[in-house]
file model-v1.tsv (TSV, C-alpha atoms)
chain	number	residue	atom	x	y	z
A	71	MET	CA	68.94	-33.50	5.99
A	72	PRO	CA	67.98	-32.10	2.61
A	73	PRO	CA	64.32	-32.53	1.72
A	74	THR	CA	63.47	-35.71	-0.13
A	75	PRO	CA	63.07	-34.80	-3.80
A	76	GLU	CA	59.59	-35.35	-5.18
A	77	PRO	CA	59.47	-38.47	-7.34
A	78	SER	CA	58.78	-37.77	-11.01
A	79	PRO	CA	55.34	-38.64	-12.22
A	80	ARG	CA	55.57	-41.67	-14.51
A	81	LEU	CA	53.64	-41.52	-17.75
A	82	LYS	CA	52.06	-44.78	-18.80
A	83	ALA	CA	50.16	-45.78	-21.89
A	84	ARG	CA	48.46	-48.95	-23.00
A	85	LEU	CA	48.08	-49.63	-26.68
A	86	TRP	CA	45.64	-51.92	-28.41
A	87	VAL	CA	44.13	-52.49	-31.84
A	88	GLU	CA	40.44	-52.91	-32.58
A	89	THR	CA	38.74	-54.26	-35.66
A	90	ASP	CA	35.26	-55.63	-34.94
A	91	GLY	CA	36.53	-56.25	-31.41
A	92	VAL	CA	39.83	-56.11	-29.57
A	93	ALA	CA	42.20	-57.59	-32.14
A	94	LEU	CA	45.61	-57.09	-30.52
A	95	THR	CA	46.69	-56.16	-27.01
A	96	GLU	CA	50.05	-56.10	-25.30
A	97	ALA	CA	49.33	-59.59	-24.02
A	98	GLY	CA	48.52	-60.71	-27.56
A	99	ALA	CA	51.70	-59.19	-28.95
A	100	ASP	CA	53.76	-60.87	-26.22
A	101	PHE	CA	52.10	-64.16	-27.08
A	102	LEU	CA	52.78	-63.79	-30.81
A	103	GLU	CA	56.41	-63.06	-29.98
A	104	GLN	CA	56.69	-66.26	-27.97
A	105	VAL	CA	55.05	-68.31	-30.72
A	106	GLU	CA	57.62	-66.88	-33.12
A	107	ALA	CA	60.43	-67.72	-30.68
A	108	THR	CA	59.31	-71.24	-29.77
A	109	GLY	CA	57.29	-72.53	-32.74
A	110	SER	CA	54.80	-73.96	-30.28
A	111	LEU	CA	51.58	-72.76	-28.69
A	112	SER	CA	52.08	-74.87	-25.60
A	113	GLU	CA	55.65	-73.68	-25.08
A	114	ALA	CA	54.59	-70.05	-25.66
A	115	ALA	CA	51.80	-70.54	-23.10
A	116	ARG	CA	54.19	-72.12	-20.60
A	117	ARG	CA	56.64	-69.23	-20.86
A	118	LEU	CA	53.90	-66.68	-20.22
A	119	ARG	CA	52.27	-68.82	-17.50
A	120	TYR	CA	49.04	-69.05	-19.46
A	121	SER	CA	46.87	-72.13	-19.37
A	122	TYR	CA	46.80	-73.85	-22.73
A	123	ARG	CA	43.09	-73.07	-22.92
A	124	ARG	CA	43.69	-69.35	-22.34
A	125	ALA	CA	46.42	-69.32	-24.98
A	126	TRP	CA	44.21	-71.12	-27.46
A	127	LEU	CA	41.31	-68.71	-26.91
A	128	LEU	CA	43.67	-65.74	-27.30
A	129	VAL	CA	44.99	-67.06	-30.62
A	130	ASP	CA	41.51	-67.96	-31.80
A	131	ALA	CA	40.24	-64.43	-31.06
A	132	MET	CA	43.22	-62.82	-32.80
A	133	ASN	CA	42.89	-65.09	-35.81
A	134	HIS	CA	39.22	-64.21	-36.25
A	135	ARG	CA	39.51	-60.45	-35.81
A	136	TRP	CA	41.90	-59.87	-38.70
A	137	PRO	CA	41.15	-60.51	-42.37
A	138	GLY	CA	43.20	-63.70	-42.08
A	139	PRO	CA	44.98	-65.62	-39.33
A	140	LEU	CA	48.06	-64.35	-37.48
A	141	VAL	CA	49.04	-67.83	-36.30
A	142	THR	CA	48.86	-71.19	-38.05
A	143	THR	CA	49.08	-74.52	-36.32
A	144	ALA	CA	50.44	-77.62	-37.99
A	145	VAL	CA	48.55	-80.85	-38.41
A	146	GLY	CA	48.87	-83.13	-35.40
A	147	GLY	CA	46.15	-81.90	-33.09
A	148	LYS	CA	45.93	-78.85	-30.94
A	149	ARG	CA	48.87	-79.85	-28.78
A	150	GLY	CA	50.73	-82.10	-31.15
A	151	GLY	CA	51.85	-79.88	-34.00
A	152	GLY	CA	53.91	-76.78	-34.18
A	153	ALA	CA	52.70	-73.23	-34.53
A	154	GLN	CA	54.06	-70.30	-36.43
A	155	LEU	CA	53.20	-66.76	-37.34
A	156	THR	CA	51.79	-66.06	-40.75
A	157	GLU	CA	53.27	-63.29	-42.85
A	158	ARG	CA	50.37	-61.15	-41.63
A	159	GLY	CA	51.12	-62.13	-38.03
A	160	ARG	CA	54.75	-61.07	-38.35
A	161	ALA	CA	53.80	-57.79	-40.04
A	162	VAL	CA	51.14	-56.92	-37.47
A	163	LEU	CA	53.49	-57.75	-34.58
A	164	ALA	CA	56.26	-55.61	-36.12
A	165	ALA	CA	53.84	-52.69	-36.63
A	166	TYR	CA	52.69	-52.98	-33.02
A	167	ARG	CA	56.25	-53.04	-31.65
A	168	ASP	CA	57.22	-50.06	-33.81
A	169	LEU	CA	54.25	-48.13	-32.52
A	170	GLN	CA	55.08	-49.02	-28.91
A	171	VAL	CA	58.56	-47.58	-29.40
A	172	GLN	CA	57.14	-44.37	-30.84
A	173	LEU	CA	54.71	-44.05	-27.94
A	174	GLU	CA	57.54	-44.52	-25.45
A	175	HIS	CA	59.46	-41.73	-27.14
A	176	VAL	CA	56.46	-39.41	-26.87
A	177	LEU	CA	56.06	-40.26	-23.18
A	178	ASP	CA	59.76	-39.72	-22.52
A	179	ARG	CA	59.72	-36.35	-24.23
A	180	ALA	CA	56.63	-35.28	-22.26
A	181	THR	CA	58.04	-36.21	-18.85
A	182	PRO	CA	59.97	-32.96	-18.18
A	183	GLY	CA	56.82	-30.92	-18.90
A	184	PHE	CA	54.92	-33.02	-16.35
A	185	ASP	CA	57.69	-32.58	-13.82
A	186	LYS	CA	57.38	-28.85	-14.23
A	187	ALA	CA	53.57	-28.92	-14.04
A	188	THR	CA	53.77	-31.09	-10.93
A	189	ARG	CA	55.67	-28.44	-9.03
A	190	GLY	CA	52.64	-26.19	-9.52
B	266	MET	CA	28.79	-56.39	-56.17
B	267	PRO	CA	32.34	-55.40	-55.36
B	268	PRO	CA	33.76	-57.03	-52.24
B	269	THR	CA	33.25	-55.11	-49.03
B	270	PRO	CA	36.54	-53.41	-48.19
B	271	GLU	CA	38.18	-54.60	-45.00
B	272	PRO	CA	37.67	-52.08	-42.21
B	273	SER	CA	40.89	-50.43	-41.06
B	274	PRO	CA	42.22	-51.55	-37.72
B	275	ARG	CA	41.73	-48.75	-35.21
B	276	LEU	CA	44.65	-47.95	-32.95
B	277	LYS	CA	43.73	-47.06	-29.39
B	278	ALA	CA	45.79	-45.92	-26.45
B	279	ARG	CA	44.97	-45.11	-22.87
B	280	LEU	CA	47.18	-42.72	-20.99
B	281	TRP	CA	47.61	-42.33	-17.26
B	282	VAL	CA	50.07	-40.86	-14.78
B	283	GLU	CA	51.46	-42.66	-11.73
B	284	THR	CA	53.21	-41.25	-8.71
B	285	ASP	CA	52.90	-43.49	-5.62
B	286	GLY	CA	49.66	-44.73	-7.21
B	287	VAL	CA	47.47	-43.82	-10.16
B	288	ALA	CA	47.54	-40.02	-10.02
B	289	LEU	CA	45.69	-39.04	-13.19
B	290	THR	CA	43.55	-40.97	-15.65
B	291	GLU	CA	41.36	-39.92	-18.54
B	292	ALA	CA	38.41	-39.88	-16.14
B	293	GLY	CA	40.37	-37.69	-13.74
B	294	ALA	CA	41.35	-35.26	-16.50
B	295	ASP	CA	37.72	-35.07	-17.65
B	296	PHE	CA	36.67	-34.36	-14.09
B	297	LEU	CA	39.27	-31.61	-13.64
B	298	GLU	CA	38.06	-30.04	-16.86
B	299	GLN	CA	34.49	-29.96	-15.59
B	300	VAL	CA	35.56	-28.47	-12.26
B	301	GLU	CA	37.35	-25.76	-14.22
B	302	ALA	CA	34.25	-25.20	-16.36
B	303	THR	CA	31.66	-25.20	-13.58
B	304	GLY	CA	33.49	-24.09	-10.42
B	305	SER	CA	31.62	-26.78	-8.54
B	306	LEU	CA	32.31	-30.39	-7.58
B	307	SER	CA	28.64	-31.29	-7.53
B	308	GLU	CA	27.97	-29.75	-10.94
B	309	ALA	CA	31.06	-31.42	-12.39
B	310	ALA	CA	29.84	-34.74	-10.96
B	311	ARG	CA	26.34	-34.21	-12.37
B	312	ARG	CA	27.67	-33.52	-15.85
B	313	LEU	CA	29.74	-36.70	-15.84
B	314	ARG	CA	26.97	-38.74	-14.18
B	315	TYR	CA	29.15	-39.51	-11.17
B	316	SER	CA	27.75	-39.84	-7.71
B	317	TYR	CA	28.96	-37.04	-5.48
B	318	ARG	CA	30.75	-39.63	-3.38
B	319	ARG	CA	32.61	-41.03	-6.39
B	320	ALA	CA	33.60	-37.51	-7.46
B	321	TRP	CA	34.81	-36.66	-3.99
B	322	LEU	CA	36.91	-39.84	-3.75
B	323	LEU	CA	38.40	-39.15	-7.19
B	324	VAL	CA	39.40	-35.62	-6.20
B	325	ASP	CA	40.71	-36.78	-2.84
B	326	ALA	CA	42.90	-39.44	-4.51
B	327	MET	CA	44.23	-36.96	-7.08
B	328	ASN	CA	44.93	-34.36	-4.42
B	329	HIS	CA	46.95	-36.81	-2.34
B	330	ARG	CA	49.01	-38.31	-5.14
B	331	TRP	CA	50.65	-35.09	-6.25
B	332	PRO	CA	52.99	-32.93	-4.18
B	333	GLY	CA	50.06	-30.58	-3.59
B	334	PRO	CA	46.36	-30.48	-4.40
B	335	LEU	CA	44.97	-30.14	-7.93
B	336	VAL	CA	41.57	-28.96	-6.69
B	337	THR	CA	40.63	-26.67	-3.81
B	338	THR	CA	37.17	-26.39	-2.34
B	339	ALA	CA	35.89	-23.24	-0.72
B	340	VAL	CA	34.62	-22.96	2.84
B	341	GLY	CA	30.97	-23.87	3.12
B	342	GLY	CA	31.03	-27.62	3.51
B	343	LYS	CA	31.63	-30.32	0.99
B	344	ARG	CA	28.59	-29.44	-1.06
B	345	GLY	CA	28.18	-25.83	-0.14
B	346	GLY	CA	31.21	-24.06	-1.48
B	347	GLY	CA	32.72	-23.74	-4.88
B	348	ALA	CA	35.68	-25.68	-6.23
B	349	GLN	CA	38.48	-24.66	-8.49
B	350	LEU	CA	41.69	-25.95	-9.93
B	351	THR	CA	44.95	-24.91	-8.34
B	352	GLU	CA	47.75	-23.62	-10.53
B	353	ARG	CA	49.20	-27.13	-10.31
B	354	GLY	CA	45.85	-28.61	-11.31
B	355	ARG	CA	45.65	-26.42	-14.40
B	356	ALA	CA	49.26	-27.16	-15.36
B	357	VAL	CA	48.87	-30.93	-14.93
B	358	LEU	CA	45.62	-30.96	-16.89
B	359	ALA	CA	47.21	-28.94	-19.71
B	360	ALA	CA	50.24	-31.29	-19.82
B	361	TYR	CA	47.91	-34.29	-19.97
B	362	ARG	CA	45.82	-32.83	-22.80
B	363	ASP	CA	48.97	-31.91	-24.76
B	364	LEU	CA	50.26	-35.41	-24.39
B	365	GLN	CA	46.94	-36.90	-25.50
B	366	VAL	CA	47.13	-34.83	-28.69
B	367	GLN	CA	50.68	-36.02	-29.37
B	368	LEU	CA	49.65	-39.64	-28.81
B	369	GLU	CA	46.75	-39.25	-31.23
B	370	HIS	CA	49.15	-37.92	-33.86
B	371	VAL	CA	51.41	-40.93	-33.40
B	372	LEU	CA	48.45	-43.29	-33.72
B	373	ASP	CA	47.18	-41.51	-36.83
B	374	ARG	CA	50.59	-41.68	-38.48
B	375	ALA	CA	50.90	-45.39	-37.67
B	376	THR	CA	47.52	-46.37	-39.10
B	377	PRO	CA	48.58	-46.76	-42.76
B	378	GLY	CA	51.39	-49.11	-41.69
B	379	PHE	CA	48.87	-51.24	-39.83
B	380	ASP	CA	46.56	-51.25	-42.82
B	381	LYS	CA	49.38	-52.60	-44.92
B	382	ALA	CA	50.38	-55.20	-42.31
B	383	THR	CA	46.76	-56.28	-42.00
B	384	ARG	CA	46.60	-57.28	-45.64
B	385	GLY	CA	49.34	-59.83	-44.89
call {"tool": "encode", "arguments": {"input": "model-v1.tsv", "output": "structure tokens"}}
result
Amino acid sequence: MPPTPEPSPRLKARLWVETDGVALTEAGADFLEQVEATGSLSEAARRLRYSYRRAWLLVDAMNHRWPGPLVTTAVGGKRGGGAQLTERGRAVLAAYRDLQVQLEHVLDRATPGFDKATRG
Amino acid sequence: MPPTPEPSPRLKARLWVETDGVALTEAGADFLEQVEATGSLSEAARRLRYSYRRAWLLVDAMNHRWPGPLVTTAVGGKRGGGAQLTERGRAVLAAYRDLQVQLEHVLDRATPGFDKATRG
């Protein structure tokens, strides 16, 4: 049998944004995306299998670490009303997704060089 | 007094390499660099304030997760002999450092877009 080819090393990166603390992570971006899609904190939390408390704390932290909120909730109580992204929330999410795409491109382009280095 | 300007959001990324497990992290790359600089596992560990045991486990994990070792240790016992990077070790470290530089460039270029998004 031919020798098993060596698996390629996989390049991974995690991206986050800091202001006076961690202001946006991948988990935060995923949550914002689900709020945008569902118009509801509780539905966004359900889809990501977060407790409502965890989702609320995540949104609260994000809202306080930017110059203004990323998410607004409608009147009707924490669970009662809808939720939506602010203009800032949509812009920050879009900037984060754009940057993720650029990072993936850099990682993809670097992979052949790592393959070569790996062979020693 | 003029209003305090909003601080810019800082974009951060962490980079690692996986094979059948985590094969290289920032800590691993820093350790390889110190082995290269000092020719000694114990001196590299001292400089990074690692216990010798932690350093040894780190090297052992890196050596087993690539097709061949990144670090070789000379005869003379774990603490006695010198240590140096293999050709593979030097190549992998160089590829990692190159990629870190490219990632930093991407983050730097993305920062003005985040500043704009932040203002909402």
call {"tool": "interface_residues", "arguments": {"input": "model-v1.tsv", "of": "chain B", "to": "chain A", "cutoff": "10 Å", "atoms": "all atoms listed in the file", "output": "ChimeraX atom specification"}}
result
/B:271-290,330-335,351-361,363-365,367-369,371-372,374-376,378-385
call {"tool": "closest_residue", "arguments": {"input": "model-v1.tsv", "among": "B:Ser305, B:Gly293, B:Thr337, B:Asp373", "to": "Tyr317 of chain B", "atoms": "all atoms listed in the file"}}
result
B:Ser305
call {"tool": "atom_distance", "arguments": {"input": "model-v1.tsv", "atom1": "atom CA of Thr108 of chain A", "atom2": "atom CA of Gln154 of chain A"}}
result
8.5 Å
call {"tool": "atom_distance", "arguments": {"input": "model-v1.tsv", "atom1": "atom CA of Arg167 of chain A", "atom2": "atom CA of Ala99 of chain A"}}
result
8.1 Å
call {"tool": "atom_distance", "arguments": {"input": "model-v1.tsv", "atom1": "atom CA of Gly109 of chain A", "atom2": "atom CA of Leu128 of chain A"}}
result
16.2 Å
call {"tool": "closest_residue", "arguments": {"input": "model-v1.tsv", "among": "A:Met132, A:Tyr120, A:Glu106, A:Trp126", "to": "Ala153 of chain A", "atoms": "only C-alpha atoms"}}
result
A:Glu106
